[in-house]
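Novice: Just final_22.cif, nothing more (mmCIF, C-alpha atoms):
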```
data_final
loop_
_atom_site.label_atom_id
_atom_site.label_comp_id
_atom_site.auth_asym_id
_atom_site.auth_seq_id
_atom_site.Cartn_x
_atom_site.Cartn_y
_atom_site.Cartn_z
CA MET K 1 -52.96 10.52 -35.44
CA SER K 2 -56.30 11.07 -33.70
CA THR K 3 -58.21 9.16 -36.38
CA ALA K 4 -55.83 6.21 -36.11
CA ALA K 5 -56.13 6.24 -32.32
CA ALA K 6 -59.90 6.26 -32.52
CA GLN K 7 -59.82 3.22 -34.81
CA GLU K 8 -57.39 1.23 -32.68
CA PRO K 9 -58.90 -2.15 -31.78
CA GLU K 10 -60.49 -2.41 -28.35
CA VAL K 11 -59.09 -5.92 -27.96
CA LEU K 12 -55.55 -6.71 -29.08
CA VAL K 13 -54.55 -10.34 -29.60
CA ASP K 14 -50.83 -10.89 -30.02
CA MET K 15 -49.74 -14.46 -30.67
CA LYS K 16 -46.26 -14.81 -29.16
CA GLY K 17 -45.34 -18.29 -30.19
CA SER K 18 -48.07 -20.48 -28.77
CA VAL K 19 -49.10 -18.00 -26.05
CA ALA K 20 -51.98 -15.62 -26.81
CA VAL K 21 -51.43 -12.25 -25.10
CA VAL K 22 -54.78 -10.46 -24.98
CA THR K 23 -54.89 -6.75 -24.14
CA LEU K 24 -58.10 -4.98 -23.13
CA ASN K 25 -57.43 -1.75 -24.98
CA ARG K 26 -59.70 1.06 -23.84
CA PRO K 27 -57.35 2.85 -21.44
CA LYS K 28 -59.31 6.13 -21.44
CA ALA K 29 -62.33 4.17 -20.21
CA LEU K 30 -60.20 2.13 -17.78
CA ASN K 31 -60.64 -0.79 -20.19
CA SER K 32 -64.34 -1.12 -19.44
CA LEU K 33 -66.00 -3.74 -21.60
CA SER K 34 -68.09 -2.73 -24.60
CA LEU K 35 -70.42 -5.08 -26.46
CA GLY K 36 -67.84 -5.37 -29.24
CA MET K 37 -65.15 -6.35 -26.75
CA VAL K 38 -67.14 -9.13 -25.10
CA GLN K 39 -68.11 -10.41 -28.55
CA GLN K 40 -64.42 -10.58 -29.54
CA LEU K 41 -63.41 -12.24 -26.27
CA LEU K 42 -66.19 -14.81 -26.53
CA ALA K 43 -65.21 -15.64 -30.12
CA LEU K 44 -61.55 -16.03 -29.12
CA ASN K 45 -62.24 -18.24 -26.11
CA THR K 46 -64.70 -20.36 -28.09
CA GLN K 47 -62.12 -20.84 -30.82
CA ILE K 48 -59.45 -21.92 -28.34
CA THR K 49 -61.81 -24.38 -26.69
CA ALA K 50 -62.52 -25.91 -30.10
CA GLN K 51 -58.86 -26.61 -30.87
CA PRO K 52 -58.47 -30.18 -32.24
CA ARG K 53 -55.73 -30.87 -29.70
CA PRO K 54 -55.48 -29.06 -26.32
CA GLY K 55 -52.57 -26.65 -26.30
CA GLU K 56 -52.20 -26.49 -30.08
CA PRO K 57 -51.86 -23.95 -31.54
CA VAL K 58 -52.68 -21.90 -28.40
CA SER K 59 -51.05 -23.25 -25.23
CA CYS K 60 -51.98 -20.43 -22.83
CA VAL K 61 -53.95 -17.18 -22.66
CA VAL K 62 -52.53 -14.14 -20.86
CA VAL K 63 -54.96 -11.24 -20.36
CA LYS K 64 -53.97 -7.74 -19.28
CA GLY K 65 -55.23 -4.16 -19.41
CA ALA K 66 -53.74 -1.26 -21.36
CA GLY K 67 -52.76 2.11 -19.95
CA GLY K 68 -51.18 1.22 -16.61
CA LYS K 69 -54.19 2.19 -14.44
CA ALA K 70 -56.66 -0.66 -14.77
CA PHE K 71 -57.10 -4.26 -15.72
CA CYS K 72 -60.79 -3.62 -16.37
CA ALA K 73 -63.17 -1.27 -14.56
CA GLY K 74 -66.26 -3.32 -15.47
CA GLY K 75 -68.88 -3.37 -18.15
CA ASP K 76 -69.56 -0.14 -20.04
CA VAL K 77 -73.16 0.14 -18.89
CA LYS K 78 -73.59 3.80 -19.80
CA GLU K 79 -74.39 3.22 -23.47
CA LEU K 80 -76.87 0.43 -22.86
CA VAL K 81 -78.73 2.52 -20.28
CA VAL K 82 -78.82 5.54 -22.60
CA ARG K 83 -80.41 3.30 -25.22
CA ALA K 84 -82.86 1.80 -22.75
CA LEU K 85 -83.89 5.23 -21.46
CA ALA K 86 -84.69 6.25 -25.03
CA ARG K 87 -87.80 4.10 -24.80
CA ASN K 88 -89.06 6.14 -21.85
CA ALA K 89 -88.40 9.39 -23.69
CA ALA K 90 -90.04 8.22 -26.92
CA GLY K 91 -92.99 6.55 -25.23
CA ALA K 92 -94.10 2.94 -25.24
CA SER K 93 -95.80 3.31 -28.62
CA ALA K 94 -92.60 4.36 -30.41
CA SER K 95 -91.80 2.24 -33.44
CA GLY K 96 -88.49 0.55 -34.18
CA PRO K 97 -86.37 -2.01 -32.32
CA ASP K 98 -86.62 -2.39 -28.57
CA PRO K 99 -84.00 -0.03 -27.04
CA ALA K 100 -83.47 -2.53 -24.22
CA ALA K 101 -82.33 -5.18 -26.71
CA PHE K 102 -78.81 -3.74 -26.80
CA GLY K 103 -78.42 -4.15 -23.05
CA VAL K 104 -79.85 -7.65 -23.07
CA ALA K 105 -77.42 -8.58 -25.87
CA PHE K 106 -74.52 -7.18 -23.86
CA PHE K 107 -75.30 -9.22 -20.74
CA ARG K 108 -76.03 -12.34 -22.78
CA THR K 109 -72.63 -12.11 -24.47
CA GLU K 110 -70.71 -11.11 -21.35
CA TYR K 111 -72.10 -13.99 -19.30
CA ALA K 112 -71.50 -16.46 -22.14
CA ASN K 113 -67.88 -15.31 -22.14
CA ASN K 114 -67.63 -15.81 -18.38
CA ALA K 115 -68.72 -19.42 -18.90
CA ALA K 116 -66.35 -19.82 -21.86
CA ILE K 117 -63.39 -18.73 -19.73
CA SER K 118 -64.21 -21.41 -17.16
CA GLN K 119 -64.27 -24.05 -19.92
CA LEU K 120 -60.92 -23.24 -21.51
CA PRO K 121 -58.73 -26.35 -21.86
CA VAL K 122 -55.56 -24.27 -21.49
CA PRO K 123 -54.26 -22.04 -18.67
CA TYR K 124 -55.81 -18.57 -18.52
CA VAL K 125 -53.68 -16.01 -16.69
CA ALA K 126 -55.26 -12.66 -15.81
CA LEU K 127 -52.76 -9.98 -14.79
CA ILE K 128 -55.03 -7.84 -12.58
CA ASP K 129 -52.60 -5.00 -11.98
CA GLY K 130 -54.66 -1.91 -11.08
CA ILE K 131 -58.43 -1.44 -11.01
CA CYS K 132 -60.56 -4.56 -11.41
CA MET K 133 -64.30 -4.18 -10.85
CA GLY K 134 -67.53 -5.88 -11.88
CA GLY K 135 -67.06 -7.15 -15.41
CA GLY K 136 -63.30 -7.06 -14.87
CA VAL K 137 -63.75 -9.64 -12.13
CA GLY K 138 -65.75 -11.71 -14.60
CA ALA K 139 -62.93 -11.47 -17.15
CA SER K 140 -60.44 -12.78 -14.60
CA PHE K 141 -62.01 -14.85 -11.83
CA HIS K 142 -63.26 -17.74 -13.94
CA GLY K 143 -59.80 -18.52 -15.29
CA ALA K 144 -57.20 -20.75 -13.68
CA PHE K 145 -54.83 -17.98 -12.56
CA ARG K 146 -55.44 -14.42 -11.33
CA VAL K 147 -52.30 -12.46 -10.46
CA ALA K 148 -52.85 -9.46 -8.18
CA THR K 149 -50.29 -6.80 -7.24
CA GLU K 150 -49.96 -4.15 -4.55
CA ARG K 151 -51.75 -1.84 -7.03
CA THR K 152 -54.83 -4.04 -7.41
CA ILE K 153 -58.14 -2.46 -6.37
CA LEU K 154 -61.03 -4.89 -6.62
CA ALA K 155 -64.73 -4.37 -5.99
CA MET K 156 -68.23 -5.51 -6.93
CA PRO K 157 -69.94 -2.08 -6.90
CA GLU K 158 -73.14 -2.96 -8.78
CA ALA K 159 -75.60 -2.30 -5.92
CA GLY K 160 -74.48 1.32 -5.97
CA ILE K 161 -75.84 1.74 -9.50
CA GLY K 162 -79.04 -0.22 -8.92
CA LEU K 163 -77.84 -3.49 -10.43
CA PHE K 164 -76.61 -6.58 -8.55
CA PRO K 165 -73.23 -8.38 -8.42
CA ASP K 166 -73.32 -10.40 -11.61
CA ILE K 167 -70.78 -12.08 -13.98
CA GLY K 168 -71.19 -15.30 -11.99
CA ALA K 169 -71.00 -13.63 -8.56
CA SER K 170 -73.97 -15.64 -7.36
CA PHE K 171 -71.75 -18.71 -7.89
CA PHE K 172 -68.60 -17.50 -6.15
CA LEU K 173 -69.52 -14.85 -3.56
CA HIS K 174 -71.03 -17.28 -1.05
CA ARG K 175 -67.94 -19.46 -1.44
CA LEU K 176 -65.59 -16.72 -0.18
CA PRO K 177 -64.33 -16.87 3.44
CA GLY K 178 -66.97 -16.28 6.10
CA CYS K 179 -69.55 -13.64 5.18
CA LEU K 180 -67.14 -11.79 2.89
CA GLY K 181 -69.31 -12.46 -0.16
CA ARG K 182 -72.31 -10.71 1.37
CA TYR K 183 -70.10 -7.80 2.39
CA MET K 184 -68.62 -7.44 -1.09
CA GLY K 185 -71.94 -7.78 -2.90
CA LEU K 186 -73.98 -5.49 -0.66
CA THR K 187 -71.50 -2.68 0.04
CA GLY K 188 -69.40 -2.51 -3.13
CA GLU K 189 -66.41 -1.73 -0.90
CA ARG K 190 -62.90 -2.30 -2.21
CA LEU K 191 -60.22 -4.85 -1.49
CA THR K 192 -56.62 -3.91 -2.18
CA GLY K 193 -53.29 -5.68 -2.63
CA ALA K 194 -52.88 -8.78 -0.48
CA GLU K 195 -56.55 -8.63 0.54
CA VAL K 196 -57.48 -9.61 -3.02
CA LYS K 197 -55.54 -12.85 -2.70
CA ASP K 198 -56.67 -13.57 0.86
CA ALA K 199 -60.29 -13.19 -0.26
CA GLY K 200 -59.79 -15.74 -3.04
CA PHE K 201 -60.18 -13.35 -5.96
CA ALA K 202 -56.50 -13.79 -6.84
CA THR K 203 -54.45 -16.96 -6.88
CA HIS K 204 -51.08 -15.21 -6.69
CA LEU K 205 -49.60 -11.90 -5.53
CA VAL K 206 -46.64 -10.40 -7.41
CA ARG K 207 -45.05 -6.96 -7.26
CA SER K 208 -46.37 -4.71 -10.01
CA ALA K 209 -42.86 -3.88 -11.21
CA ARG K 210 -42.32 -7.57 -12.03
CA ILE K 211 -45.47 -8.09 -14.10
CA PRO K 212 -43.73 -7.42 -17.47
CA GLU K 213 -41.02 -9.90 -16.49
CA LEU K 214 -43.68 -12.46 -15.55
CA GLU K 215 -45.46 -11.99 -18.85
CA ALA K 216 -42.20 -12.53 -20.74
CA ALA K 217 -41.50 -15.67 -18.72
CA LEU K 218 -44.95 -17.06 -19.51
CA VAL K 219 -44.37 -16.44 -23.22
CA ALA K 220 -40.95 -18.10 -22.98
CA LEU K 221 -42.59 -21.31 -21.77
CA GLY K 222 -43.97 -21.87 -25.26
CA PRO K 223 -45.87 -25.17 -25.55
CA ARG K 224 -45.03 -25.97 -21.91
CA ALA K 225 -47.44 -23.19 -20.93
CA ALA K 226 -50.28 -25.66 -21.61
CA ASP K 227 -49.39 -27.42 -18.32
CA LEU K 228 -51.24 -25.89 -15.36
CA SER K 229 -48.61 -27.04 -12.87
CA VAL K 230 -45.79 -25.53 -14.90
CA VAL K 231 -47.57 -22.18 -15.09
CA ASP K 232 -48.44 -22.29 -11.38
CA ASN K 233 -44.84 -23.00 -10.39
CA LEU K 234 -43.58 -20.20 -12.61
CA ILE K 235 -45.93 -17.62 -11.11
CA ARG K 236 -45.09 -18.82 -7.59
CA SER K 237 -41.42 -18.18 -8.33
CA PHE K 238 -42.29 -14.49 -8.73
CA GLU K 239 -44.03 -14.24 -5.36
CA GLU K 240 -42.29 -12.74 -2.32
CA PRO K 241 -42.83 -12.98 1.46
CA LEU K 242 -45.26 -10.40 2.79
CA VAL K 243 -44.25 -7.81 5.39
CA MET K 244 -46.40 -6.18 8.05
CA ALA K 245 -48.19 -3.11 6.76
CA GLY K 246 -45.95 -0.07 7.11
CA ALA K 247 -42.89 -2.12 8.02
CA GLY K 248 -41.41 -2.84 4.60
CA ALA K 249 -39.26 -0.99 2.16
CA ALA K 250 -40.74 0.85 -0.79
CA GLY K 251 -42.22 -1.54 -3.32
CA SER K 252 -42.55 -4.44 -0.86
CA LEU K 253 -45.83 -6.34 -0.51
CA SER K 254 -47.68 -5.53 2.70
CA SER K 255 -49.72 -8.08 4.61
CA SER K 256 -53.50 -8.04 4.47
CA ALA K 257 -55.77 -6.36 6.99
CA LEU K 258 -58.61 -8.53 5.72
CA LEU K 259 -57.63 -11.66 7.58
CA GLU K 260 -55.88 -9.80 10.39
CA TRP K 261 -58.96 -7.99 11.67
CA LYS K 262 -61.58 -7.07 9.04
CA LEU K 263 -63.10 -10.50 8.41
CA PRO K 264 -64.12 -11.12 12.05
CA LEU K 265 -66.02 -7.81 12.04
CA ILE K 266 -67.61 -8.65 8.69
CA ASN K 267 -68.73 -12.02 10.00
CA VAL K 268 -70.37 -10.48 13.07
CA HIS K 269 -72.47 -7.98 11.14
CA PHE K 270 -73.07 -9.69 7.78
CA GLY K 271 -73.87 -13.00 9.46
CA CYS K 272 -77.26 -11.57 10.41
CA GLY K 273 -80.50 -12.99 9.00
CA GLY K 274 -81.35 -10.26 6.49
CA VAL K 275 -80.34 -6.92 5.00
CA GLU K 276 -82.26 -4.85 7.55
CA GLU K 277 -80.64 -6.81 10.37
CA VAL K 278 -77.20 -6.17 8.87
CA ILE K 279 -77.86 -2.44 8.76
CA ALA K 280 -79.24 -2.40 12.31
CA SER K 281 -76.19 -4.30 13.57
CA LEU K 282 -73.83 -1.83 11.90
CA GLU K 283 -75.82 1.14 13.20
CA GLY K 284 -75.58 -0.21 16.74
CA ALA K 285 -71.84 -0.74 16.52
CA VAL K 286 -71.19 2.69 15.01
CA ALA K 287 -73.40 4.41 17.61
CA ALA K 288 -71.67 2.61 20.45
CA ALA K 289 -68.25 3.59 19.14
CA GLU K 290 -69.25 7.23 18.78
CA ALA K 291 -70.77 7.31 22.28
CA ALA K 292 -67.70 5.84 23.97
CA VAL K 293 -66.28 8.14 26.64
CA GLN K 294 -62.70 7.37 25.67
CA GLN K 295 -62.09 7.52 21.94
CA PRO K 296 -59.36 5.30 20.44
CA ALA K 297 -56.00 6.86 19.70
CA ALA K 298 -55.39 7.92 16.13
CA GLY K 299 -53.58 5.20 14.20
CA SER K 300 -54.60 2.46 16.61
CA LEU K 301 -56.32 -0.79 15.62
CA GLU K 302 -59.44 0.31 17.47
CA ALA K 303 -59.58 3.53 15.46
CA ALA K 304 -59.18 1.58 12.21
CA GLN K 305 -61.97 -0.79 13.21
CA ALA K 306 -64.31 2.09 14.05
CA ALA K 307 -63.58 3.81 10.74
CA PHE K 308 -64.12 0.55 8.87
CA LEU K 309 -67.56 0.00 10.42
CA LYS K 310 -68.55 3.60 9.74
CA SER K 311 -67.56 3.41 6.07
CA THR K 312 -69.31 0.04 5.73
CA LEU K 313 -72.55 1.49 7.09
CA ALA K 314 -72.27 4.49 4.77
CA ALA K 315 -71.81 2.15 1.80
CA MET K 316 -74.92 0.18 2.77
CA ARG K 317 -76.94 3.38 2.97
CA ARG K 318 -75.77 4.52 -0.48
CA GLY K 319 -76.82 1.40 -2.33
CA SER K 320 -80.21 0.60 -3.80
CA PRO K 321 -82.45 -1.23 -1.31
CA LEU K 322 -83.99 -3.19 -4.17
CA SER K 323 -80.50 -4.21 -5.35
CA HIS K 324 -79.73 -5.32 -1.80
CA ALA K 325 -82.89 -7.42 -1.71
CA MET K 326 -82.06 -8.96 -5.10
CA THR K 327 -78.50 -9.71 -4.02
CA TRP K 328 -79.52 -11.35 -0.76
CA GLU K 329 -82.12 -13.53 -2.50
CA MET K 330 -79.74 -14.35 -5.36
CA LEU K 331 -77.06 -15.60 -2.98
CA ARG K 332 -79.64 -17.55 -0.97
CA ARG K 333 -80.97 -19.31 -4.07
CA SER K 334 -77.51 -20.15 -5.37
CA ALA K 335 -76.27 -21.56 -2.06
CA ALA K 336 -79.47 -23.46 -1.31
CA GLY K 337 -79.62 -24.91 -4.81
CA HIS K 338 -75.88 -25.74 -5.01
CA MET K 339 -75.88 -24.01 -8.38
CA THR K 340 -73.16 -24.61 -10.94
CA LEU K 341 -71.60 -21.61 -12.63
CA ARG K 342 -73.82 -22.07 -15.68
CA GLN K 343 -76.96 -22.23 -13.54
CA ALA K 344 -75.87 -19.12 -11.64
CA LEU K 345 -75.22 -17.22 -14.87
CA GLU K 346 -78.60 -18.34 -16.21
CA MET K 347 -80.30 -16.89 -13.13
CA GLU K 348 -78.30 -13.68 -13.39
CA PHE K 349 -79.21 -13.27 -17.05
CA VAL K 350 -82.90 -13.33 -16.16
CA MET K 351 -82.29 -10.70 -13.49
CA ALA K 352 -80.17 -8.52 -15.78
CA ALA K 353 -82.80 -8.60 -18.54
CA ARG K 354 -85.41 -7.47 -16.02
CA CYS K 355 -83.09 -4.65 -14.88
CA VAL K 356 -82.47 -3.42 -18.43
CA HIS K 357 -86.23 -3.31 -18.98
CA GLY K 358 -86.57 -0.95 -16.03
CA GLN K 359 -88.00 -3.29 -13.40
CA ALA K 360 -85.35 -2.47 -10.79
CA ASP K 361 -83.18 0.57 -10.01
CA PHE K 362 -80.54 -0.01 -12.67
CA LEU K 363 -81.62 2.62 -15.19
CA GLU K 364 -82.03 5.26 -12.49
CA GLY K 365 -78.76 4.39 -10.78
CA VAL K 366 -76.70 4.67 -13.96
CA ARG K 367 -78.52 7.89 -14.90
CA ALA K 368 -77.69 9.49 -11.55
CA LEU K 369 -74.11 8.30 -11.18
CA LEU K 370 -72.79 7.95 -14.73
CA ILE K 371 -74.96 9.99 -17.12
CA ASP K 372 -76.32 13.10 -15.37
CA LYS K 373 -73.84 12.63 -12.49
CA ASP K 374 -76.09 14.37 -9.98
CA ASN K 375 -75.35 11.51 -7.54
CA LYS K 376 -78.96 11.64 -6.36
CA PRO K 377 -80.61 8.42 -7.47
CA ALA K 378 -84.32 8.19 -6.75
CA TRP K 379 -84.51 4.57 -5.63
CA LYS K 380 -87.88 2.85 -5.93
CA TYR K 381 -87.91 1.99 -2.21
CA GLY K 382 -86.51 3.68 0.85
CA SER K 383 -85.55 0.44 2.59
CA VAL K 384 -85.61 -3.31 2.06
CA ARG K 385 -88.43 -3.53 4.60
CA GLN K 386 -90.71 -1.63 2.21
CA ILE K 387 -90.22 -4.03 -0.71
CA PRO K 388 -93.03 -6.58 -1.24
CA GLY K 389 -91.76 -10.13 -1.56
CA GLU K 390 -93.55 -10.58 -4.87
CA VAL K 391 -91.58 -7.67 -6.36
CA VAL K 392 -88.31 -9.42 -5.63
CA ALA K 393 -89.63 -12.80 -6.79
CA ALA K 394 -90.75 -11.30 -10.12
CA LEU K 395 -87.18 -10.26 -10.90
CA PHE K 396 -86.19 -13.92 -11.02
CA GLU K 397 -88.88 -14.84 -13.57
CA PRO K 398 -87.76 -15.05 -17.23
CA LEU K 399 -89.04 -12.33 -19.52
CA PRO K 400 -91.66 -13.60 -21.97
CA GLY K 401 -90.07 -14.15 -25.35
CA GLU K 402 -86.50 -13.92 -24.06
CA GLY K 403 -84.67 -17.21 -24.60
CA PRO K 404 -82.41 -18.70 -21.92
CA LEU K 405 -78.73 -17.90 -21.82
CA PHE K 406 -77.57 -21.42 -22.57
CA GLY K 407 -80.47 -22.70 -24.61
CA GLY K 408 -81.89 -24.49 -21.61
CA SER K 409 -78.70 -26.30 -20.60
CA GLY K 410 -77.74 -23.88 -17.89
CA SER K 411 -80.83 -23.82 -15.74
CA GLY K 412 -82.23 -27.31 -15.79
CA SER K 413 -79.76 -30.14 -15.74
CA GLY K 414 -77.18 -28.74 -13.34
CA SER K 415 -74.47 -29.92 -15.73
CA GLY K 416 -71.57 -27.88 -16.98
CA PRO K 417 -68.19 -27.09 -15.45
CA ALA K 418 -67.88 -24.99 -12.36
CA SER K 419 -65.56 -22.02 -12.24
CA ARG K 420 -62.06 -22.86 -11.02
CA MET K 421 -61.59 -21.65 -7.47
#
```
Can you turn what I pasted into structure tokens?
Specialist:
Amino acid sequence: MSTAAAQEPEVLVDMKGSVAVVTLNRPKALNSLSLGMVQQLLALNTQITAQPRPGEPVSCVVVKGAGGKAFCAGGDVKELVVRALARNAAGASASGPDPAAFGVAFFRTEYANNAAISQLPVPYVALIDGICMGGGVGASFHGAFRVATERTILAMPEAGIGLFPDIGASFFLHRLPGCLGRYMGLTGERLTGAEVKDAGFATHLVRSARIPELEAALVALGPRAADLSVVDNLIRSFEEPLVMAGAGAAGSLSSSALLEWKLPLINVHFGCGGVEEVIASLEGAVAAAEAAVQQPAAGSLEAAQAAFLKSTLAAMRRGSPLSHAMTWEMLRRSAAGHMTLRQALEMEFVMAARCVHGQADFLEGVRALLIDKDNKPAWKYGSVRQIPGEVVAALFEPLPGEGPLFGGSGSGSGSGPASRM
């Protein structure tokens, strides 16, 4: 039994008529993506795109996670960092293949798959019931439909491990409402339930208990599932009116605090001109709240707002300052250059390759949080203010000898389809 379980495929593809039901099948790892998984997903999506006639034989792709806890908790970065750290242990003169090559190959394949999802000629429905972080966002966001539930927990936590929000985040974060993209990318804080839809990460919100029924209904569409409007109308038929938080019966979908009161606070503080200004603004607000003579009543909106600002500041202080600087510059370049998804992924691939080769805080962050688990990362800089501009700029320069992600088509012409929003 144990041997069979260990050999079970990490990606299951079940053709149900003309609908491909794809299951990310690493439940013990919260369906985090391995190199083998992204290779399989890329091959599948490439094959569907190459169909002689759209919708035949595959009319629709439905993607879900196994195990009931997660859609996908992100990329499995632990193995690639262990391999990359082997170079440091062995010394620069050690013979054999470059240990960083595995990590570079992972990001190259993952980002290529993100682009492939956006190019699919058939509906792609991601059932993001449960945890969805980092690479899980990449495996869902670029498709036509993302179905969240009250159990969905979504985040872009890369700055906390010394990386940066990738998988095309430089394309979509600055397109989110207000300054939400900066908040998500810099803090790694979580959105839940209806917030995921209000933020634009999900296109629909359905009760978790009805997800199996929705999947069956999608399969029952057969060839009609190739029609985006038919799929959209079907998913909408599963949606229900939201109720005020705390006011509904068990299992009902609560309304979102994001648009009710969080986003205005986010806009005030993350609308500042730089990372240090954001932190200073949060520090001032938290200090003022703590110094107030009359503290807000427990359970009140004012108490929730104060707690939100305090947790946001704590999240900013936990993250890598160099990752924050990279993220800020990445979003600036993408917005200023009106980058397409392919151009954004090309830029991110350059940054990721630099990170895997140890030029940022990625190796140290993963060591501290995921390998040794001492939770004491030794970041290269104590604050963004200490980071020379040329250090940040160098992280956007291609590594010598490392070819572009799209063979030159992603970074120069500006062509290529944009992710569906």
Novice: Quick check, in Å to one decimal: how far apart do atom CA of Asn375 of chain K and atom CA of Ser323 of chain K lie?
Specialist: 16.7 Å
Novice: Please report as a Markdown table every residue of segment 136-247 of chain K lying within 12 Å of segment 261-274 of chain K, along with the nearest atom pair and their distance in Å (one decimal), using all atoms listed in the file.
Specialist:
```
| residue | atom | partner | partner_atom | distance |
| --- | --- | --- | --- | --- |
| K:His174 | CA | K:Gly271 | CA | 11.7 |
| K:Leu176 | CA | K:Leu263 | CA | 10.9 |
| K:Pro177 | CA | K:Leu263 | CA | 8.2 |
| K:Gly178 | CA | K:Asn267 | CA | 6.0 |
| K:Cys179 | CA | K:Asn267 | CA | 5.2 |
| K:Leu180 | CA | K:Ile266 | CA | 6.6 |
| K:Gly181 | CA | K:Phe270 | CA | 9.2 |
| K:Arg182 | CA | K:Phe270 | CA | 6.5 |
| K:Tyr183 | CA | K:Phe270 | CA | 6.4 |
| K:Met184 | CA | K:Ile266 | CA | 9.9 |
| K:Gly185 | CA | K:Phe270 | CA | 10.9 |
| K:Leu186 | CA | K:Phe270 | CA | 9.5 |
| K:Thr187 | CA | K:Phe270 | CA | 10.6 |
| K:Glu189 | CA | K:Ile266 | CA | 11.9 |
| K:Leu191 | CA | K:Lys262 | CA | 10.8 |
| K:Glu195 | CA | K:Lys262 | CA | 10.0 |
| K:Asp198 | CA | K:Leu263 | CA | 10.4 |
| K:Ala199 | CA | K:Leu263 | CA | 9.5 |
```
Novice: Any chance you could work out the residue set of the PyMOL selection byres ((chain K and resi 275) around 8) here, as a list in words?
Specialist: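 Written out, the selection comes to Cys272, Gly273, Gly274, Glu276, Glu277, Val278, Ile279, His324, Ala325, Trp328 and Val384 of chain K.
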Novice: I need the output of the PyMOL selection byres ((chain K and resi 359-372) around 8) for this file as a ChimeraX atom specification; which residues are they?
Specialist: /K:77-78,81,84-85,160-163,320,322-323,354-358,373-380,395
Novice: Could you name the residues that touch segment 31-37 of chain K at 10 Å or less, counting all atoms listed in the file, but leaving out those on the same chain fewer than 3 positions away, as an MDAnalysis selection string?
Specialist: chainID K and resid 9:12 23:28 40:43 64:67 69:80 102:103 105:110 131:136 139
Novice: Taking all atoms listed in the file into account, which of K:Leu214, K:Val21, K:Met316, K:Ala393 comes nearest Arg333 of chain K?
Specialist: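 Once distances to Arg333 of chain K are computed over all atoms listed in the file, the minimum belongs to K:Ala393.
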Novice: Measuring between only C-alpha atoms, which one of K:Phe201, K:Phe172, K:Phe406, K:Phe396 shows the shortest distance to Met347 of chain K?
Specialist: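 Counting only C-alpha atoms, the residue closest to Met347 of chain K is K:Phe396.
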Novice: Just how far from atom CA of His204 of chain K is atom CA of Gly222 of chain K, in Å to one decimal?
Specialist: 21.0 Å
Novice: Name the residues in contact with segment 301-307 of chain K at a cut-off of 12 Å, using all atoms listed in the file, excluding same-chain residues fewer than 4 positions from it; report them as a ChimeraX atom specification.
Specialist: /K:257-258,260-266,282-292,294-297,311-314
Novice: Name all residues at most 6 Å from segment 144-154 of chain K (count only C-alpha atoms; drop same-chain ones fewer than 4 positions away) and give them as a ChimeraX atom specification.
Specialist: /K:123-133,190-193,202-208,420
Novice: In Å, with one decimal, what is the gap from atom CA of Val63 of chain K to atom CA of Val22 of chain K?
Specialist: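 Computing it gives 4.7 Å between the two atoms.
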Novice: Written as number ranges by chain, which residues does the PyMOL selection byres ((chain K and resi 228) around 10) give for the file shown?
Specialist: K: 60, 121-124, 144-145, 224-227, 229-234
Novice: Choose the residue, out of K:Pro52, K:Pro404, K:Gly17, K:Gly188, that has the smallest atom-to-atom separation from Leu345 of chain K; count all atoms listed in the file.
Specialist: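 Nearest to Leu345 of chain K: K:Pro404.
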Novice: Quick one: of K:Glu158, K:Asn114, K:Ala86, K:Val219, who's nearest to Ala101 of chain K, counting only C-alpha atoms?
Specialist: K:Ala86
Novice: Using only C-alpha atoms, pick whichever of K:Ala112, K:Ala353, K:Leu30, K:Leu120 has the shortest atom-to-atom distance to Gln47 of chain K.
Specialist: K:Leu120
Novice: Since the input lacks some atoms of segment 140-145 of chain K, please model N, CA, C and O atoms and print them as a PDB file, in the frame of the given file.
Specialist:
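The result, written out as part06.pdb:
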```pdb
ATOM      1  N   SER K 140     -61.629 -12.228 -15.249  1.00  0.00           N
ATOM      2  CA  SER K 140     -60.440 -12.780 -14.600  1.00  0.00           C
ATOM      3  C   SER K 140     -60.757 -13.974 -13.716  1.00  0.00           C
ATOM      4  O   SER K 140     -60.106 -15.017 -13.804  1.00  0.00           O
ATOM      5  N   PHE K 141     -61.774 -13.869 -12.882  1.00  0.00           N
ATOM      6  CA  PHE K 141     -62.010 -14.850 -11.830  1.00  0.00           C
ATOM      7  C   PHE K 141     -62.235 -16.266 -12.339  1.00  0.00           C
ATOM      8  O   PHE K 141     -61.820 -17.244 -11.703  1.00  0.00           O
ATOM      9  N   HIS K 142     -62.885 -16.409 -13.470  1.00  0.00           N
ATOM     10  CA  HIS K 142     -63.260 -17.740 -13.940  1.00  0.00           C
ATOM     11  C   HIS K 142     -62.127 -18.496 -14.624  1.00  0.00           C
ATOM     12  O   HIS K 142     -62.302 -19.641 -15.033  1.00  0.00           O
ATOM     13  N   GLY K 143     -60.964 -17.855 -14.740  1.00  0.00           N
ATOM     14  CA  GLY K 143     -59.800 -18.520 -15.290  1.00  0.00           C
ATOM     15  C   GLY K 143     -58.984 -19.206 -14.215  1.00  0.00           C
ATOM     16  O   GLY K 143     -59.222 -19.034 -13.010  1.00  0.00           O
ATOM     17  N   ALA K 144     -57.992 -19.961 -14.629  1.00  0.00           N
ATOM     18  CA  ALA K 144     -57.200 -20.750 -13.680  1.00  0.00           C
ATOM     19  C   ALA K 144     -56.335 -19.884 -12.777  1.00  0.00           C
ATOM     20  O   ALA K 144     -56.153 -20.192 -11.601  1.00  0.00           O
ATOM     21  N   PHE K 145     -55.780 -18.777 -13.321  1.00  0.00           N
ATOM     22  CA  PHE K 145     -54.830 -17.980 -12.560  1.00  0.00           C
ATOM     23  C   PHE K 145     -55.193 -16.497 -12.619  1.00  0.00           C
ATOM     24  O   PHE K 145     -55.436 -15.944 -13.692  1.00  0.00           O
TER      25      PHE K 145
END
```
